[in-house]
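Source file entry-v4.csv; content: CSV, C-alpha atoms.
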chain,number,residue,atom,x,y,z
X,1,MET,CA,232.6,234.9,-2.8
X,2,ASP,CA,233.3,238.5,-2.1
X,3,PHE,CA,235.8,241.1,-3.5
X,4,LEU,CA,238.7,239.8,-1.5
X,5,ASP,CA,238.1,236.3,-2.9
X,6,ARG,CA,238.2,237.7,-6.4
X,7,ILE,CA,241.4,239.6,-5.7
X,8,LYS,CA,243.0,236.4,-4.4
X,9,LYS,CA,241.8,234.3,-7.3
X,10,TYR,CA,243.0,237.0,-9.8
X,11,CYS,CA,246.4,237.1,-8.3
X,12,GLU,CA,246.7,233.3,-8.3
X,13,GLU,CA,245.6,233.0,-11.9
X,14,ASN,CA,248.0,235.7,-13.0
X,15,HIS,CA,250.9,234.6,-10.8
X,16,ILE,CA,251.3,238.0,-9.2
X,17,SER,CA,251.3,239.3,-5.6
X,18,GLU,CA,248.5,241.4,-4.1
X,19,ALA,CA,251.1,244.2,-3.7
X,20,HIS,CA,251.9,244.0,-7.4
X,21,LEU,CA,248.2,244.2,-8.3
X,22,ALA,CA,247.7,247.2,-6.1
X,23,GLN,CA,250.7,248.9,-7.7
X,24,GLU,CA,249.3,248.1,-11.2
X,25,ALA,CA,246.0,249.6,-10.2
X,26,GLY,CA,247.6,252.8,-8.9
X,27,LEU,CA,246.8,252.1,-5.3
X,28,SER,CA,248.9,251.9,-2.1
X,29,LYS,CA,250.6,248.5,-1.6
X,30,GLY,CA,249.2,248.4,1.9
X,31,LEU,CA,245.6,248.9,1.0
X,32,ILE,CA,244.6,245.2,0.3
X,33,PRO,CA,246.2,243.9,3.5
X,34,LYS,CA,244.2,246.7,5.4
X,35,TRP,CA,241.0,245.5,3.8
X,36,LYS,CA,241.7,241.9,4.7
X,37,ASN,CA,243.1,242.3,8.3
X,38,LYS,CA,241.2,245.3,9.6
X,39,GLY,CA,237.9,244.8,7.8
X,40,PHE,CA,238.0,248.1,6.0
X,41,TYR,CA,235.9,248.6,2.9
X,42,PRO,CA,237.4,250.1,-0.3
X,43,SER,CA,236.2,253.5,-1.5
X,44,TYR,CA,234.4,253.7,-4.8
X,45,ARG,CA,237.5,255.3,-6.3
X,46,SER,CA,239.6,252.3,-5.2
X,47,GLN,CA,236.9,249.9,-6.4
X,48,LYS,CA,236.9,251.6,-9.8
X,49,LYS,CA,240.7,251.5,-10.2
X,50,LEU,CA,241.0,247.9,-9.1
X,51,ALA,CA,238.1,246.7,-11.3
X,52,ALA,CA,239.6,248.3,-14.4
X,53,CYS,CA,242.9,246.7,-13.7
X,54,MET,CA,241.2,243.3,-13.3
X,55,ASN,CA,239.1,243.8,-16.4
X,56,MET,CA,235.9,243.8,-14.5
X,57,THR,CA,233.1,246.2,-13.8
X,58,VAL,CA,232.7,247.5,-10.2
X,59,GLU,CA,229.5,245.5,-9.8
X,60,GLU,CA,231.4,242.3,-10.8
X,61,LEU,CA,234.2,243.0,-8.4
X,62,MET,CA,232.1,244.0,-5.4
X,63,ARG,CA,229.0,241.9,-5.5
X,64,GLN,CA,228.4,239.4,-2.6
X,65,GLU,CA,227.7,235.9,-3.9
X,66,PRO,CA,226.5,233.2,-1.5
X,67,ASP,CA,228.4,229.9,-2.0
X,68,ASP,CA,226.3,227.0,-3.3
X,69,ALA,CA,225.4,225.0,-0.3
X,70,VAL,CA,223.1,222.2,0.8
X,71,MET,CA,221.0,223.4,3.7
X,72,SER,CA,220.1,221.0,6.5
X,73,ALA,CA,217.1,218.7,5.9
X,74,ALA,CA,215.7,219.7,9.3
X,75,HIS,CA,215.1,223.2,7.8
X,76,GLY,CA,213.5,221.9,4.7
X,77,ALA,CA,216.5,222.9,2.7
X,78,ASP,CA,217.4,222.9,-0.9
X,79,LEU,CA,220.4,223.6,-3.1
X,80,VAL,CA,221.1,227.3,-3.5
X,81,ARG,CA,221.7,227.8,-7.2
X,82,GLU,CA,223.5,230.9,-8.3
X,83,SER,CA,221.6,230.9,-11.5
X,84,ALA,CA,218.5,231.8,-9.5
X,85,VAL,CA,220.1,234.8,-7.9
X,86,ARG,CA,220.5,238.3,-9.3
X,87,TYR,CA,221.9,241.3,-7.5
X,88,ILE,CA,220.3,244.7,-6.9
X,89,PRO,CA,222.1,247.8,-5.5
X,90,LEU,CA,221.4,249.1,-2.0
X,91,LEU,CA,221.5,252.9,-2.5
X,92,THR,CA,222.3,255.8,-0.2
X,93,GLY,CA,219.6,257.8,-1.9
X,94,THR,CA,217.1,257.5,-4.7
X,95,PRO,CA,217.9,257.5,-8.5
X,96,GLY,CA,214.8,259.5,-9.4
X,97,ASP,CA,213.6,258.4,-12.8
X,98,GLY,CA,217.1,258.2,-14.2
X,99,PRO,CA,220.0,255.6,-14.1
X,100,VAL,CA,221.6,254.6,-10.8
X,101,ASP,CA,224.7,256.8,-9.9
X,102,PRO,CA,227.5,254.3,-9.0
X,103,LEU,CA,228.5,256.7,-6.2
X,104,MET,CA,225.2,256.0,-4.5
X,105,VAL,CA,225.7,252.2,-4.3
X,106,LYS,CA,226.4,251.1,-0.8
X,107,ARG,CA,226.6,247.4,-1.6
X,108,TYR,CA,224.7,244.7,-3.6
X,109,LEU,CA,222.0,242.5,-2.2
X,110,PRO,CA,221.0,239.0,-3.6
X,111,ALA,CA,217.5,238.8,-5.0
X,112,PHE,CA,215.9,235.5,-6.0
X,113,SER,CA,214.2,235.5,-9.4
X,114,GLU,CA,211.0,234.0,-7.8
X,115,THR,CA,210.5,237.1,-5.7
X,116,VAL,CA,211.9,239.8,-7.9
X,117,GLU,CA,210.8,239.3,-11.5
X,118,ASP,CA,213.0,242.1,-13.1
X,119,PRO,CA,216.1,242.8,-10.9
X,120,ASP,CA,217.6,245.1,-13.5
X,121,ARG,CA,214.7,247.6,-12.8
X,122,CYS,CA,215.0,247.3,-9.1
X,123,TYR,CA,217.0,248.9,-6.3
X,124,ALA,CA,217.0,248.8,-2.5
X,125,MET,CA,217.1,251.6,0.1
X,126,GLU,CA,216.7,251.9,3.8
X,127,MET,CA,213.2,253.1,5.0
X,128,PRO,CA,214.0,256.7,5.9
X,129,ASP,CA,211.4,257.2,8.7
X,130,SER,CA,208.5,255.6,10.6
X,131,SER,CA,205.8,257.0,8.5
X,132,MET,CA,204.6,253.6,7.2
X,133,LEU,CA,204.3,251.8,10.5
X,134,PRO,CA,203.3,249.1,11.2
X,135,GLU,CA,204.0,247.9,7.6
X,136,TYR,CA,207.6,249.3,7.4
X,137,CYS,CA,209.9,250.4,10.2
X,138,ALA,CA,212.6,253.0,10.0
X,139,GLY,CA,215.8,251.1,9.0
X,140,ASP,CA,214.0,248.3,7.1
X,141,ILE,CA,215.4,247.7,3.7
X,142,ILE,CA,212.7,248.2,1.1
X,143,ILE,CA,212.9,246.8,-2.5
X,144,VAL,CA,211.8,249.3,-5.1
X,145,MET,CA,210.9,248.7,-8.8
X,146,LYS,CA,211.5,251.8,-10.9
X,147,CYS,CA,208.2,253.1,-12.1
X,148,SER,CA,207.6,256.7,-13.2
X,149,GLU,CA,203.8,256.4,-13.4
X,150,PRO,CA,202.7,254.2,-10.4
X,151,ALA,CA,199.0,253.3,-9.9
X,152,SER,CA,196.7,254.6,-7.2
X,153,GLY,CA,197.0,252.3,-4.2
X,154,ASP,CA,200.7,251.6,-4.8
X,155,VAL,CA,203.2,252.2,-2.0
X,156,VAL,CA,205.7,254.5,-3.8
X,157,ILE,CA,209.0,256.4,-3.3
X,158,ALA,CA,208.4,260.1,-4.2
X,159,ASP,CA,211.2,262.6,-4.4
X,160,THR,CA,210.0,266.1,-3.6
X,161,PRO,CA,211.9,269.4,-3.3
X,162,GLY,CA,212.6,270.3,0.3
X,163,GLU,CA,211.1,267.0,1.6
X,164,GLY,CA,213.6,264.4,0.3
X,165,PRO,CA,212.5,260.9,-0.6
X,166,MET,CA,209.2,259.8,1.0
X,167,CYS,CA,207.7,256.4,1.2
X,168,ARG,CA,203.9,256.7,1.1
X,169,LYS,CA,200.7,255.1,-0.3
X,170,LEU,CA,199.7,256.9,-3.5
X,171,ILE,CA,196.1,258.0,-3.9
X,172,ARG,CA,195.2,259.6,-7.2
X,173,LYS,CA,192.3,262.0,-7.3
X,174,LYS,CA,190.8,263.9,-10.2
X,175,ASP,CA,192.9,267.0,-9.7
X,176,CYS,CA,195.6,266.0,-7.3
X,177,ILE,CA,197.6,263.2,-5.7
X,178,ILE,CA,197.7,262.3,-2.0
X,179,LEU,CA,200.8,260.7,-0.4
X,180,GLN,CA,199.3,259.0,2.5
X,181,PRO,CA,201.3,257.6,5.5
X,182,TYR,CA,200.1,254.6,7.5
X,183,ASN,CA,201.4,256.1,10.8
X,184,ARG,CA,198.8,258.6,12.3
X,185,HIS,CA,201.6,260.7,13.7
X,186,TYR,CA,202.6,261.7,10.2
X,187,ASP,CA,200.6,264.1,7.9
X,188,ALA,CA,199.4,263.3,4.4
X,189,VAL,CA,200.8,265.4,1.6
X,190,CYS,CA,198.8,266.6,-1.3
X,191,TYR,CA,200.0,267.9,-4.7
X,192,ARG,CA,197.9,269.3,-7.5
X,193,TYR,CA,199.0,267.9,-10.9
X,194,GLU,CA,200.3,271.2,-12.1
X,195,GLU,CA,202.4,271.5,-8.9
X,196,MET,CA,204.0,268.2,-9.6
X,197,GLU,CA,205.4,269.5,-12.9
X,198,GLU,CA,206.5,272.8,-11.5
X,199,LEU,CA,208.3,271.5,-8.4
X,200,PRO,CA,208.8,268.8,-9.7
X,201,VAL,CA,207.5,265.7,-7.8
X,202,VAL,CA,209.3,262.6,-9.2
X,203,PHE,CA,208.3,259.0,-8.6
X,204,SER,CA,211.4,256.8,-8.2
X,205,GLY,CA,209.3,253.6,-8.1
X,206,LYS,CA,206.9,251.4,-6.2
X,207,VAL,CA,207.8,249.2,-3.2
X,208,ILE,CA,207.6,245.5,-4.0
X,209,GLY,CA,209.3,243.9,-1.1
X,210,MET,CA,211.0,244.4,2.3
X,211,ILE,CA,213.8,243.0,4.4
X,212,ARG,CA,213.0,243.5,8.1
X,213,ASN,CA,215.6,245.1,10.4
X,214,ILE,CA,214.8,243.3,13.6
X,215,LYS,CA,216.4,246.0,15.8
X,216,SER,CA,214.5,248.8,14.1
X,217,SER,CA,211.3,246.8,14.5
X,218,SER,CA,211.7,246.5,18.2
X,219,ASP,CA,212.7,250.1,18.6
X,220,SER,CA,209.6,251.2,16.7
X,221,VAL,CA,207.2,249.6,19.0
X,222,ARG,CA,207.4,252.6,21.3
X,223,GLU,CA,206.4,255.1,18.6
If you took the structure in this file and wrote it as structure tokens, what would it be?
Amino acid sequence: MDFLDRIKKYCEENHISEAHLAQEAGLSKGLIPKWKNKGFYPSYRSQKKLAACMNMTVEELMRQEPDDAVMSAAHGADLVRESAVRYIPLLTGTPGDGPVDPLMVKRYLPAFSETVEDPDRCYAMEMPDSSMLPEYCAGDIIIVMKCSEPASGDVVIADTPGEGPMCRKLIRKKDCIILQPYNRHYDAVCYRYEEMEELPVVFSGKVIGMIRNIKSSSDSVRE
């Protein structure tokens, strides 16, 4: 079920047309047909108005839910149960150590409870560069658990002034930290602990999973 299915269901249950719903939400009558027929995606402003009109949150309206289905026995399948699925936001940036800004949410991704223990503390983002090859390719979607004090050896997302978000392996020394890339074409970055407070350097979390982008993986072989 997606947001268009929810709009359809809401209109049927309340015996109104989609044009009437759009009008009630303060939107153009032609917006919903445009989303349906031309594959356009609603802006966050439209999402917010529509969700409020339908007595939902934006997350409830926009999340993508796979239908329960019995997979083929040939693929060793099982029943996909929605109770085992939670949703984490795919962000256009990093939330730092604060709450997620709804304007940063690109879409929501399903996360199974067996692989993501605490989805409420997690978010996803696209790997910004090739610094962590061969483990992570640029364009891969990495799953991050919020953690302001990651341990030495964790692969972390660090926000630094002038550098932007970096995905690196964290190495803690007595007087500094080192953000170490896997790719030899990238340089390690070192910060003294007093520098981290002054700049500041903020940890947005540690990487706990990844969804491979096949195209990005093949493109990265040449790097």
**OP:** Rounded to one decimal place, report the CA of Arg6 (chain X)-CA of Lys106 (chain X) distance in Å.
**Re:** 18.7 Å
Original post:
Interatomic distance between CA of Glu163 (chain X) and CA of Pro128 (chain X)?
Top reply: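 Separation of CA of Glu163 (chain X) and CA of Pro128 (chain X): 11.5 Å.
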**OP:** Would you please work out which residue, of X:Ile142, X:Ile32, X:Met166, X:Ala111, is nearest to Asp187 (chain X) when using only C-alpha atoms?
**Re:** X:Met166
Original post:
Using only C-alpha atoms, can you list as a ChimeraX atom specification the residues within 8 Å of (210.3, 261.3, -9.7)?
Top reply: /X:96-97,148,158-160,200-205
Written selection (C-alpha atoms) as a short mmCIF file (atom, residue, chain, number, x, y, z; two decimals), keeping the file's coordinate frame:
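Written file, selection31.cif:
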data_model
loop_
_atom_site.label_atom_id
_atom_site.label_comp_id
_atom_site.auth_asym_id
_atom_site.auth_seq_id
_atom_site.Cartn_x
_atom_site.Cartn_y
_atom_site.Cartn_z
CA GLY X 96 214.80 259.50 -9.40
CA ASP X 97 213.60 258.40 -12.80
CA SER X 148 207.60 256.70 -13.20
CA ALA X 158 208.40 260.10 -4.20
CA ASP X 159 211.20 262.60 -4.40
CA THR X 160 210.00 266.10 -3.60
CA PRO X 200 208.80 268.80 -9.70
CA VAL X 201 207.50 265.70 -7.80
CA VAL X 202 209.30 262.60 -9.20
CA PHE X 203 208.30 259.00 -8.60
CA SER X 204 211.40 256.80 -8.20
CA GLY X 205 209.30 253.60 -8.10
#
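For the pair CA of Met54 (chain X) and CA of Met125 (chain X), the interatomic distance is 28.8 Å.
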**OP:** Would you list the contacts of Glu24 (chain X) as a list in words, taking every protein, DNA or RNA residue within 12 Å and counting all atoms listed in the file, but skipping same-chain residues closer than 2 positions in sequence?
**Re:** Cys11, Ile16, Ser17, Glu18, Ala19, His20, Leu21, Ala22, Gly26, Leu27, Ser28, Lys29, Lys49, Leu50, Ala51, Ala52, Cys53 and Met54 of chain X
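Comparing the minimum interatomic distances between Arg212 (chain X) and each of X:Pro165, X:Gly30, X:Gly139, X:Pro99, counting only C-alpha atoms, we find that X:Gly139 sits nearest.
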Subject >> Within 6 Å of region 190-198 of chain X using all atoms listed in the file, minus same-chain residues under 5 positions, as a VMD selection string >> reply: chain X and resid 175 to 178
**OP:** Give me the residues within 12 Å of Pro89 (chain X) as a PyMOL selection string, counting all atoms listed in the file and dropping any in the same chain fewer than 2 places off.
**Re:** chain X and resi 58-59+62-64+86-87+91-95+99-111+119-126+141-145
Could you save those same residues with C-alpha atoms as a PDB file, keeping the file's coordinate frame?
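The resulting again05.pdb:
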ATOM      1  CA  VAL X  58     232.700 247.500 -10.200  1.00  0.00           C
ATOM      2  CA  GLU X  59     229.500 245.500  -9.800  1.00  0.00           C
ATOM      3  CA  MET X  62     232.100 244.000  -5.400  1.00  0.00           C
ATOM      4  CA  ARG X  63     229.000 241.900  -5.500  1.00  0.00           C
ATOM      5  CA  GLN X  64     228.400 239.400  -2.600  1.00  0.00           C
ATOM      6  CA  ARG X  86     220.500 238.300  -9.300  1.00  0.00           C
ATOM      7  CA  TYR X  87     221.900 241.300  -7.500  1.00  0.00           C
ATOM      8  CA  LEU X  91     221.500 252.900  -2.500  1.00  0.00           C
ATOM      9  CA  THR X  92     222.300 255.800  -0.200  1.00  0.00           C
ATOM     10  CA  GLY X  93     219.600 257.800  -1.900  1.00  0.00           C
ATOM     11  CA  THR X  94     217.100 257.500  -4.700  1.00  0.00           C
ATOM     12  CA  PRO X  95     217.900 257.500  -8.500  1.00  0.00           C
ATOM     13  CA  PRO X  99     220.000 255.600 -14.100  1.00  0.00           C
ATOM     14  CA  VAL X 100     221.600 254.600 -10.800  1.00  0.00           C
ATOM     15  CA  ASP X 101     224.700 256.800  -9.900  1.00  0.00           C
ATOM     16  CA  PRO X 102     227.500 254.300  -9.000  1.00  0.00           C
ATOM     17  CA  LEU X 103     228.500 256.700  -6.200  1.00  0.00           C
ATOM     18  CA  MET X 104     225.200 256.000  -4.500  1.00  0.00           C
ATOM     19  CA  VAL X 105     225.700 252.200  -4.300  1.00  0.00           C
ATOM     20  CA  LYS X 106     226.400 251.100  -0.800  1.00  0.00           C
ATOM     21  CA  ARG X 107     226.600 247.400  -1.600  1.00  0.00           C
ATOM     22  CA  TYR X 108     224.700 244.700  -3.600  1.00  0.00           C
ATOM     23  CA  LEU X 109     222.000 242.500  -2.200  1.00  0.00           C
ATOM     24  CA  PRO X 110     221.000 239.000  -3.600  1.00  0.00           C
ATOM     25  CA  ALA X 111     217.500 238.800  -5.000  1.00  0.00           C
ATOM     26  CA  PRO X 119     216.100 242.800 -10.900  1.00  0.00           C
ATOM     27  CA  ASP X 120     217.600 245.100 -13.500  1.00  0.00           C
ATOM     28  CA  ARG X 121     214.700 247.600 -12.800  1.00  0.00           C
ATOM     29  CA  CYS X 122     215.000 247.300  -9.100  1.00  0.00           C
ATOM     30  CA  TYR X 123     217.000 248.900  -6.300  1.00  0.00           C
ATOM     31  CA  ALA X 124     217.000 248.800  -2.500  1.00  0.00           C
ATOM     32  CA  MET X 125     217.100 251.600   0.100  1.00  0.00           C
ATOM     33  CA  GLU X 126     216.700 251.900   3.800  1.00  0.00           C
ATOM     34  CA  ILE X 141     215.400 247.700   3.700  1.00  0.00           C
ATOM     35  CA  ILE X 142     212.700 248.200   1.100  1.00  0.00           C
ATOM     36  CA  ILE X 143     212.900 246.800  -2.500  1.00  0.00           C
ATOM     37  CA  VAL X 144     211.800 249.300  -5.100  1.00  0.00           C
ATOM     38  CA  MET X 145     210.900 248.700  -8.800  1.00  0.00           C
TER      39      MET X 145
END
**OP:** Using all atoms listed in the file, find the one residue out of X:Lys8, X:His15, X:Lys206, X:Arg172 that sits nearest to Lys36 (chain X).
**Re:** X:Lys8
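The nearest approach to Arg184 (chain X) among the residues X:Pro33, X:Ser131, X:Glu60, X:Gln23, with all atoms listed in the file taken into account, belongs to X:Ser131.
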**OP:** Rank X:Gly153, X:Asn183, X:Gly209, X:Leu61 by their smallest atom-to-atom distance to Pro134 (chain X), using only C-alpha atoms, and report the top residue only.
**Re:**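 Closest to Pro134 (chain X), using only C-alpha atoms: X:Asn183.
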Subject >> Nearest to Pro150 (chain X) by atom-to-atom distance, counting only C-alpha atoms, from X:Ser46, X:Ile208, X:Val189, X:Ile7 >> reply: X:Ile208
